[in-house]
Amino acid sequence: MLLNRAKLLASPAANTVFTTVLTRGPVVRPEIARITGLSSAAVTKAVKPMIEAGYLEELPQGPRTVEGAGRPAYPLTVRADREFFVGVKVTADELIGVVTDLRAQIVRTAHRVPVSDRSVAQVVRDIAVLVAEMTPAHAERTHHIGLSVSGDVDRPGGVVRYSPFLGWRDVHLAELVATATGLAVTVENDVKALTVAEQWFGQGVGADSFALATVGVGIGCALVVNGRLIAGGYGVAGEIGHIPVAAGEGPTCHCGARGCVEAIASEEAIVARARLAAGEPDLDMAGAIDRAHGGDAAVQAVFDDAGKAIGLGLAAMVNVVGPERVVVSGEGVAAYDLFEEQIRAAFTTQVFGAAARCPLVVRPLPWEEWARGAAAVSIQSLFAA
């Protein structure tokens, strides 16, 4: 039986050690202690059960340093093939699935399954079929699946409290998918899941604090502070999409408020306003982008307003949280050139003092990376107390 069934690690220290080896390895114990601030004894205590369970291994060859009184310190690395993980990004239109190893490296080409019926029962059945199709080669070592869904997600309870794009409320998704697949299930907000992957394997490696904001169907944001993903008391920390930037006179948001960033800068909001500006009721996002690039001033103004709203939302978040950097991603960055100037201008104007030096890093990521983020959360769940 895999040791993770009883929770492999039961302390923040052990979680920190594993994450350090995962993101910095191969790495020797003294270096782990230096990076984490833990004592040598604490590092050794954390490492021992992971080696015994086969999650970490000492490299038999390569550079060695002196760990103590004449004792060689062999570099530690993660045994990537110890377990495999399924990650599924659930959207209103399709399921995007991947299989990864313990380093969250994709080992199976993503499958994309159209969602024709958004009912909970049908989506759960589709997830089960997708898992069965993707995992036969790794079935004996695949015990976990991570799901990422937009909206308000209770990760500890495995409940989708509200997903506006799916029309779901209070769905016990982890329980339903566990019953359908026989796997241990984690469910997380899609932006938070993507942030976990970036924290461990992307722009967040080595950063004590950073934020990841996404632009597209919705406007999302997740925060890492003191090396930990922040959920907040109600699980919705970082929701810059619902910061009011045109309160009272702005458009109504699906959340019921007025003037939210998302009500101005989401894909749906941009398309709705672009249709009015262009006088084309059938205009889609691609058409709006083409019109703006072609010099249509009215449609360009729609993107200008969206960029300003995003910049103000980012500035409010940076003023409150103070991350070292902000990563901007999401499917909407394909049109980033249309509102980059406005984002940066509004951000620079509204952010306070030295926080204006906070870099905005644009990082386009394909949908498969969102599914990989779901798998990364599943990997992370192995080491939750």
# chains A, B, ... in the order shown; residues from 1 in each chain; ligands from 1

call {"tool": "residues_around", "arguments": {"residues": "range 283-286 of chain A", "least_positions_apart": "5", "cutoff": "9 Å", "atoms": "only C-alpha atoms", "output": "PyMOL selection string"}}
result
chain A and resi 267-268+270-272+274-275+278+291

call {"tool": "residues_around", "arguments": {"residues": "Leu102 in chain A", "least_positions_apart": "5", "cutoff": "9 Å", "atoms": "only C-alpha atoms", "output": "count of residues only"}}
result
12

call {"tool": "select_by_dssp", "arguments": {"residues": "range 80-287 of chain A", "states": "helix (DSSP H, G or I)", "output": "MDAnalysis selection string"}}
result
chainID A and resid 80:82 120:134 136:141 173:181 190:201 240:242 261:265 267:278 285:287

call {"tool": "closest_residue", "arguments": {"among": "A:Gly151, A:Gly227, A:Pro323, A:Gly204", "to": "Gly241 in chain A", "atoms": "only C-alpha atoms"}}
result
A:Gly151

call {"tool": "closest_residue", "arguments": {"among": "A:Val86, A:Ala246, A:Phe18, A:Gly373", "to": "Gly202 in chain A", "atoms": "only C-alpha atoms"}}
result
A:Gly373

call {"tool": "select_by_dssp", "arguments": {"residues": "range 131-368 of chain A", "states": "strand (DSSP E)", "output": "number ranges by chain"}}
result
A: 142-149, 152-154, 159-163, 168-171, 184-189, 210-215, 219-225, 228-230, 326-329, 360-362

call {"tool": "closest_atom_pairs", "arguments": {"of": "range 80-153 of chain A", "to": "range 183-195 of chain A", "cutoff": "8 Å", "atoms": "only C-alpha atoms", "output": "JSON lines"}}
result
{"residue": "A:Lys89", "atom": "CA", "partner": "A:Asp190", "partner_atom": "CA", "distance": 7.2}
{"residue": "A:Thr142", "atom": "CA", "partner": "A:Leu183", "partner_atom": "CA", "distance": 8.0}
{"residue": "A:His143", "atom": "CA", "partner": "A:Leu183", "partner_atom": "CA", "distance": 5.2}
{"residue": "A:His144", "atom": "CA", "partner": "A:Ala184", "partner_atom": "CA", "distance": 4.7}
{"residue": "A:Ile145", "atom": "CA", "partner": "A:Val185", "partner_atom": "CA", "distance": 5.0}
{"residue": "A:Gly146", "atom": "CA", "partner": "A:Thr186", "partner_atom": "CA", "distance": 4.8}
{"residue": "A:Leu147", "atom": "CA", "partner": "A:Val187", "partner_atom": "CA", "distance": 4.8}
{"residue": "A:Ser148", "atom": "CA", "partner": "A:Asp190", "partner_atom": "CA", "distance": 4.4}
{"residue": "A:Val149", "atom": "CA", "partner": "A:Asp190", "partner_atom": "CA", "distance": 4.9}
{"residue": "A:Ser150", "atom": "CA", "partner": "A:Asp190", "partner_atom": "CA", "distance": 5.2}
{"residue": "A:Gly151", "atom": "CA", "partner": "A:Asn189", "partner_atom": "CA", "distance": 6.2}
{"residue": "A:Asp152", "atom": "CA", "partner": "A:Asn189", "partner_atom": "CA", "distance": 6.7}
{"residue": "A:Val153", "atom": "CA", "partner": "A:Asn189", "partner_atom": "CA", "distance": 5.4}

call {"tool": "write_last_selection", "arguments": {"atoms": "all heavy atoms", "output": "CSV table (one decimal), in the first residue's frame"}}
result
chain,number,residue,atom,x,y,z
A,89,LYS,N,-8.9,19.8,-16.5
A,89,LYS,CA,-9.4,21.1,-16.4
A,89,LYS,C,-10.8,21.1,-17.0
A,89,LYS,O,-11.1,20.6,-18.1
A,89,LYS,CB,-8.6,22.1,-17.3
A,89,LYS,CG,-9.2,23.4,-17.5
A,89,LYS,CD,-9.2,24.3,-16.3
A,89,LYS,CE,-9.6,25.8,-16.6
A,89,LYS,NZ,-11.0,26.0,-16.7
A,142,THR,N,-1.4,4.9,-10.6
A,142,THR,CA,-2.2,6.1,-10.7
A,142,THR,C,-3.3,6.0,-9.6
A,142,THR,O,-4.2,5.1,-9.8
A,142,THR,CB,-2.8,6.3,-12.1
A,142,THR,OG1,-1.7,6.3,-13.0
A,142,THR,CG2,-3.6,7.6,-12.2
A,143,HIS,N,-3.2,6.8,-8.6
A,143,HIS,CA,-4.2,6.7,-7.5
A,143,HIS,C,-4.9,8.0,-7.2
A,143,HIS,O,-5.8,8.1,-6.4
A,143,HIS,CB,-3.5,6.2,-6.2
A,143,HIS,CG,-2.8,4.9,-6.4
A,143,HIS,ND1,-3.5,3.7,-6.3
A,143,HIS,CD2,-1.5,4.6,-6.8
A,143,HIS,CE1,-2.6,2.7,-6.5
A,143,HIS,NE2,-1.4,3.2,-6.8
A,144,HIS,N,-4.5,9.1,-8.0
A,144,HIS,CA,-5.0,10.4,-7.7
A,144,HIS,C,-5.4,11.2,-8.9
A,144,HIS,O,-4.7,11.0,-10.0
A,144,HIS,CB,-3.9,11.2,-6.9
A,144,HIS,CG,-3.5,10.6,-5.6
A,144,HIS,ND1,-4.0,11.0,-4.4
A,144,HIS,CD2,-2.6,9.6,-5.3
A,144,HIS,CE1,-3.5,10.3,-3.5
A,144,HIS,NE2,-2.6,9.5,-4.0
A,145,ILE,N,-6.4,12.0,-8.8
A,145,ILE,CA,-6.8,12.8,-9.9
A,145,ILE,C,-7.1,14.2,-9.3
A,145,ILE,O,-7.7,14.4,-8.2
A,145,ILE,CB,-8.1,12.3,-10.6
A,145,ILE,CG1,-8.5,13.3,-11.7
A,145,ILE,CG2,-9.2,12.0,-9.6
A,145,ILE,CD1,-9.7,12.8,-12.6
A,146,GLY,N,-6.6,15.2,-10.0
A,146,GLY,CA,-6.9,16.6,-9.6
A,146,GLY,C,-7.8,17.2,-10.6
A,146,GLY,O,-7.7,17.0,-11.8
A,147,LEU,N,-8.8,18.0,-10.2
A,147,LEU,CA,-9.8,18.6,-11.0
A,147,LEU,C,-9.7,20.1,-10.8
A,147,LEU,O,-9.6,20.6,-9.6
A,147,LEU,CB,-11.2,18.2,-10.7
A,147,LEU,CG,-11.5,16.7,-10.8
A,147,LEU,CD1,-12.9,16.4,-10.3
A,147,LEU,CD2,-11.3,16.1,-12.2
A,148,SER,N,-9.7,20.9,-11.8
A,148,SER,CA,-9.7,22.4,-11.7
A,148,SER,C,-10.9,22.9,-12.4
A,148,SER,O,-11.3,22.5,-13.5
A,148,SER,CB,-8.4,23.0,-12.2
A,148,SER,OG,-8.3,22.9,-13.6
A,149,VAL,N,-11.6,23.8,-11.6
A,149,VAL,CA,-12.9,24.4,-12.1
A,149,VAL,C,-12.9,25.9,-11.8
A,149,VAL,O,-12.4,26.3,-10.7
A,149,VAL,CB,-14.1,23.7,-11.4
A,149,VAL,CG1,-15.4,24.2,-11.9
A,149,VAL,CG2,-14.0,22.2,-11.5
A,150,SER,N,-13.4,26.6,-12.7
A,150,SER,CA,-13.5,28.1,-12.4
A,150,SER,C,-14.6,28.3,-11.3
A,150,SER,O,-15.6,27.6,-11.2
A,150,SER,CB,-13.9,28.8,-13.7
A,150,SER,OG,-15.2,28.5,-14.1
A,151,GLY,N,-14.4,29.4,-10.6
A,151,GLY,CA,-15.4,29.8,-9.6
A,151,GLY,C,-15.0,29.6,-8.2
A,151,GLY,O,-13.8,29.5,-7.9
A,152,ASP,N,-16.0,29.5,-7.3
A,152,ASP,CA,-15.8,29.4,-5.8
A,152,ASP,C,-15.7,27.9,-5.5
A,152,ASP,O,-16.7,27.2,-5.5
A,152,ASP,CB,-16.9,30.1,-5.1
A,152,ASP,CG,-16.8,30.1,-3.6
A,152,ASP,OD1,-15.8,29.5,-3.1
A,152,ASP,OD2,-17.7,30.6,-2.9
A,153,VAL,N,-14.5,27.5,-5.1
A,153,VAL,CA,-14.3,26.1,-4.8
A,153,VAL,C,-13.8,25.9,-3.4
A,153,VAL,O,-12.9,26.6,-2.9
A,153,VAL,CB,-13.2,25.5,-5.8
A,153,VAL,CG1,-12.9,24.0,-5.4
A,153,VAL,CG2,-13.7,25.6,-7.2

call {"tool": "atom_distance", "arguments": {"atom1": "CA of Ala132 in chain A", "atom2": "CA of His111 in chain A"}}
result
11.6 Å

call {"tool": "residues_around", "arguments": {"residues": "Val321 in chain A", "least_positions_apart": "6", "cutoff": "10 Å", "atoms": "only C-alpha atoms", "output": "list in words"}}
result
Ser209, Phe210, Ala211, Leu223, Val224, Val225, Gly238 and Ala315 of chain A

call {"tool": "write_last_selection", "arguments": {"atoms": "N, CA, C and O atoms", "output": "PDB file, in the first residue's frame"}}
result
ATOM      1  N   SER A 209       6.880  35.472  -2.538  1.00  0.00           N
ATOM      2  CA  SER A 209       5.513  35.897  -2.792  1.00  0.00           C
ATOM      3  C   SER A 209       5.358  36.282  -4.261  1.00  0.00           C
ATOM      4  O   SER A 209       6.254  36.885  -4.844  1.00  0.00           O
ATOM      5  N   PHE A 210       4.239  35.900  -4.842  1.00  0.00           N
ATOM      6  CA  PHE A 210       3.924  36.334  -6.196  1.00  0.00           C
ATOM      7  C   PHE A 210       2.434  36.166  -6.418  1.00  0.00           C
ATOM      8  O   PHE A 210       1.732  35.511  -5.628  1.00  0.00           O
ATOM      9  N   ALA A 211       1.952  36.775  -7.458  1.00  0.00           N
ATOM     10  CA  ALA A 211       0.538  36.659  -7.820  1.00  0.00           C
ATOM     11  C   ALA A 211       0.451  36.200  -9.264  1.00  0.00           C
ATOM     12  O   ALA A 211       1.290  36.551 -10.095  1.00  0.00           O
ATOM     13  N   LEU A 223      -2.831  34.082  -5.095  1.00  0.00           N
ATOM     14  CA  LEU A 223      -1.718  34.695  -4.378  1.00  0.00           C
ATOM     15  C   LEU A 223      -0.899  33.653  -3.637  1.00  0.00           C
ATOM     16  O   LEU A 223      -1.454  32.734  -3.016  1.00  0.00           O
ATOM     17  N   VAL A 224       0.411  33.823  -3.696  1.00  0.00           N
ATOM     18  CA  VAL A 224       1.326  33.056  -2.858  1.00  0.00           C
ATOM     19  C   VAL A 224       2.023  34.051  -1.936  1.00  0.00           C
ATOM     20  O   VAL A 224       2.618  35.026  -2.407  1.00  0.00           O
ATOM     21  N   VAL A 225       1.911  33.841  -0.640  1.00  0.00           N
ATOM     22  CA  VAL A 225       2.517  34.716   0.362  1.00  0.00           C
ATOM     23  C   VAL A 225       3.285  33.852   1.346  1.00  0.00           C
ATOM     24  O   VAL A 225       2.768  32.843   1.830  1.00  0.00           O
ATOM     25  N   GLY A 238      -7.880  36.855  -3.407  1.00  0.00           N
ATOM     26  CA  GLY A 238      -7.260  37.175  -4.683  1.00  0.00           C
ATOM     27  C   GLY A 238      -8.220  37.414  -5.825  1.00  0.00           C
ATOM     28  O   GLY A 238      -7.787  37.637  -6.963  1.00  0.00           O
ATOM     29  N   ALA A 315      -3.401  46.796  -9.598  1.00  0.00           N
ATOM     30  CA  ALA A 315      -2.810  47.779  -8.693  1.00  0.00           C
ATOM     31  C   ALA A 315      -3.396  47.655  -7.290  1.00  0.00           C
ATOM     32  O   ALA A 315      -2.671  47.715  -6.288  1.00  0.00           O
TER      33      ALA A 315
END

call {"tool": "residues_around", "arguments": {"residues": "range 343-354 of chain A", "least_positions_apart": "6", "cutoff": "10 Å", "atoms": "only C-alpha atoms", "output": "list of chain:residue names"}}
result
A:Asp304, A:Asp305, A:Ala306, A:Gly307, A:Lys308, A:Ala309, A:Ile310, A:Gly311, A:Leu312, A:Gly313, A:Leu314, A:Ala315, A:Ala316, A:Met317, A:Val318, A:Asn319, A:Val320, A:Gly322, A:Tyr336, A:Leu360

call {"tool": "closest_residue", "arguments": {"among": "A:Ile219, A:Arg118, A:Gly295, A:Leu338", "to": "Ala263 in chain A", "atoms": "only C-alpha atoms"}}
result
A:Ile219

call {"tool": "atom_distance", "arguments": {"atom1": "CA of Pro30 in chain A", "atom2": "CA of Ala73 in chain A"}}
result
8.0 Å

call {"tool": "atom_distance", "arguments": {"atom1": "CA of Thr109 in chain A", "atom2": "CA of Thr214 in chain A"}}
result
24.0 Å

call {"tool": "closest_residue", "arguments": {"among": "A:Gln203, A:Gln300, A:Thr91, A:Thr252", "to": "Leu365 in chain A", "atoms": "only C-alpha atoms"}}
result
A:Gln203

call {"tool": "closest_residue", "arguments": {"among": "A:Asp208, A:His293, A:Val217, A:Gly235", "to": "Gly157 in chain A", "atoms": "only C-alpha atoms"}}
result
A:Gly235

call {"tool": "closest_residue", "arguments": {"among": "A:Ala288, A:Ser266, A:Ala237, A:Ala178", "to": "Pro251 in chain A", "atoms": "only C-alpha atoms"}}
result
A:Ser266

call {"tool": "residues_around", "arguments": {"residues": "Lys48 in chain A", "least_positions_apart": "3", "cutoff": "12 Å", "atoms": "only C-alpha atoms", "output": "PDB file with N, CA, C and O atoms, in the first residue's frame"}}
result
ATOM      1  N   LEU A   8       1.600  10.981   3.644  1.00  0.00           N
ATOM      2  CA  LEU A   8       3.037  10.745   3.726  1.00  0.00           C
ATOM      3  C   LEU A   8       3.716  11.689   4.695  1.00  0.00           C
ATOM      4  O   LEU A   8       4.558  11.289   5.485  1.00  0.00           O
ATOM      5  N   LEU A   9       3.354  12.931   4.630  1.00  0.00           N
ATOM      6  CA  LEU A   9       3.967  13.926   5.501  1.00  0.00           C
ATOM      7  C   LEU A   9       2.911  14.552   6.384  1.00  0.00           C
ATOM      8  O   LEU A   9       1.805  14.820   5.946  1.00  0.00           O
ATOM      9  N   ALA A  14       8.022  18.949   6.625  1.00  0.00           N
ATOM     10  CA  ALA A  14       8.192  17.874   5.659  1.00  0.00           C
ATOM     11  C   ALA A  14       7.688  18.298   4.283  1.00  0.00           C
ATOM     12  O   ALA A  14       8.309  18.009   3.252  1.00  0.00           O
ATOM     13  N   VAL A  17      10.330  20.482   2.748  1.00  0.00           N
ATOM     14  CA  VAL A  17      11.493  19.721   2.282  1.00  0.00           C
ATOM     15  C   VAL A  17      11.197  19.060   0.942  1.00  0.00           C
ATOM     16  O   VAL A  17      11.998  19.139  -0.001  1.00  0.00           O
ATOM     17  N   PHE A  18      10.050  18.409   0.839  1.00  0.00           N
ATOM     18  CA  PHE A  18       9.727  17.754  -0.416  1.00  0.00           C
ATOM     19  C   PHE A  18       9.622  18.761  -1.554  1.00  0.00           C
ATOM     20  O   PHE A  18      10.136  18.538  -2.652  1.00  0.00           O
ATOM     21  N   ARG A  29      21.383  17.648   1.403  1.00  0.00           N
ATOM     22  CA  ARG A  29      20.691  18.012   2.635  1.00  0.00           C
ATOM     23  C   ARG A  29      21.138  19.360   3.210  1.00  0.00           C
ATOM     24  O   ARG A  29      20.294  20.156   3.641  1.00  0.00           O
ATOM     25  N   ALA A  41      18.759  18.267  11.510  1.00  0.00           N
ATOM     26  CA  ALA A  41      17.998  17.158  12.095  1.00  0.00           C
ATOM     27  C   ALA A  41      16.572  17.123  11.539  1.00  0.00           C
ATOM     28  O   ALA A  41      16.035  16.043  11.250  1.00  0.00           O
ATOM     29  N   ALA A  42      15.966  18.298  11.377  1.00  0.00           N
ATOM     30  CA  ALA A  42      14.602  18.359  10.845  1.00  0.00           C
ATOM     31  C   ALA A  42      14.553  17.894   9.395  1.00  0.00           C
ATOM     32  O   ALA A  42      13.611  17.201   8.982  1.00  0.00           O
ATOM     33  N   VAL A  43      15.579  18.256   8.624  1.00  0.00           N
ATOM     34  CA  VAL A  43      15.639  17.819   7.237  1.00  0.00           C
ATOM     35  C   VAL A  43      15.780  16.307   7.164  1.00  0.00           C
ATOM     36  O   VAL A  43      15.073  15.629   6.411  1.00  0.00           O
ATOM     37  N   THR A  44      16.682  15.748   7.964  1.00  0.00           N
ATOM     38  CA  THR A  44      16.894  14.299   7.977  1.00  0.00           C
ATOM     39  C   THR A  44      15.627  13.565   8.387  1.00  0.00           C
ATOM     40  O   THR A  44      15.266  12.537   7.798  1.00  0.00           O
ATOM     41  N   LYS A  45      14.924  14.086   9.387  1.00  0.00           N
ATOM     42  CA  LYS A  45      13.687  13.467   9.852  1.00  0.00           C
ATOM     43  C   LYS A  45      12.627  13.459   8.757  1.00  0.00           C
ATOM     44  O   LYS A  45      11.878  12.481   8.614  1.00  0.00           O
ATOM     45  N   ILE A  51      12.333   8.584   1.496  1.00  0.00           N
ATOM     46  CA  ILE A  51      13.240   7.650   0.833  1.00  0.00           C
ATOM     47  C   ILE A  51      12.720   6.225   0.995  1.00  0.00           C
ATOM     48  O   ILE A  51      12.690   5.441   0.043  1.00  0.00           O
ATOM     49  N   GLU A  52      12.285   5.891   2.220  1.00  0.00           N
ATOM     50  CA  GLU A  52      11.781   4.546   2.489  1.00  0.00           C
ATOM     51  C   GLU A  52      10.553   4.222   1.645  1.00  0.00           C
ATOM     52  O   GLU A  52      10.359   3.080   1.223  1.00  0.00           O
ATOM     53  N   ALA A  53       9.725   5.228   1.404  1.00  0.00           N
ATOM     54  CA  ALA A  53       8.514   5.017   0.608  1.00  0.00           C
ATOM     55  C   ALA A  53       8.764   5.110  -0.887  1.00  0.00           C
ATOM     56  O   ALA A  53       7.868   4.845  -1.681  1.00  0.00           O
ATOM     57  N   GLY A  54       9.988   5.496  -1.278  1.00  0.00           N
ATOM     58  CA  GLY A  54      10.331   5.554  -2.687  1.00  0.00           C
ATOM     59  C   GLY A  54       9.969   6.840  -3.393  1.00  0.00           C
ATOM     60  O   GLY A  54       9.996   6.900  -4.620  1.00  0.00           O
ATOM     61  N   TYR A  55       9.658   7.882  -2.636  1.00  0.00           N
ATOM     62  CA  TYR A  55       9.330   9.165  -3.255  1.00  0.00           C
ATOM     63  C   TYR A  55      10.579  10.013  -3.508  1.00  0.00           C
ATOM     64  O   TYR A  55      10.604  10.813  -4.430  1.00  0.00           O
ATOM     65  N   LEU A  56      11.595   9.830  -2.703  1.00  0.00           N
ATOM     66  CA  LEU A  56      12.886  10.471  -2.912  1.00  0.00           C
ATOM     67  C   LEU A  56      13.944   9.392  -3.022  1.00  0.00           C
ATOM     68  O   LEU A  56      13.796   8.292  -2.484  1.00  0.00           O
ATOM     69  N   GLU A  57      15.041   9.731  -3.684  1.00  0.00           N
ATOM     70  CA  GLU A  57      16.169   8.812  -3.749  1.00  0.00           C
ATOM     71  C   GLU A  57      17.471   9.597  -3.737  1.00  0.00           C
ATOM     72  O   GLU A  57      17.516  10.759  -4.153  1.00  0.00           O
ATOM     73  N   GLU A  58      18.508   8.946  -3.230  1.00  0.00           N
ATOM     74  CA  GLU A  58      19.851   9.525  -3.252  1.00  0.00           C
ATOM     75  C   GLU A  58      20.521   9.113  -4.541  1.00  0.00           C
ATOM     76  O   GLU A  58      20.491   7.939  -4.925  1.00  0.00           O
ATOM     77  N   LEU A  76      19.843  14.557  -3.286  1.00  0.00           N
ATOM     78  CA  LEU A  76      18.519  13.952  -3.272  1.00  0.00           C
ATOM     79  C   LEU A  76      17.729  14.416  -4.497  1.00  0.00           C
ATOM     80  O   LEU A  76      17.839  15.567  -4.931  1.00  0.00           O
TER      81      LEU A  76
END
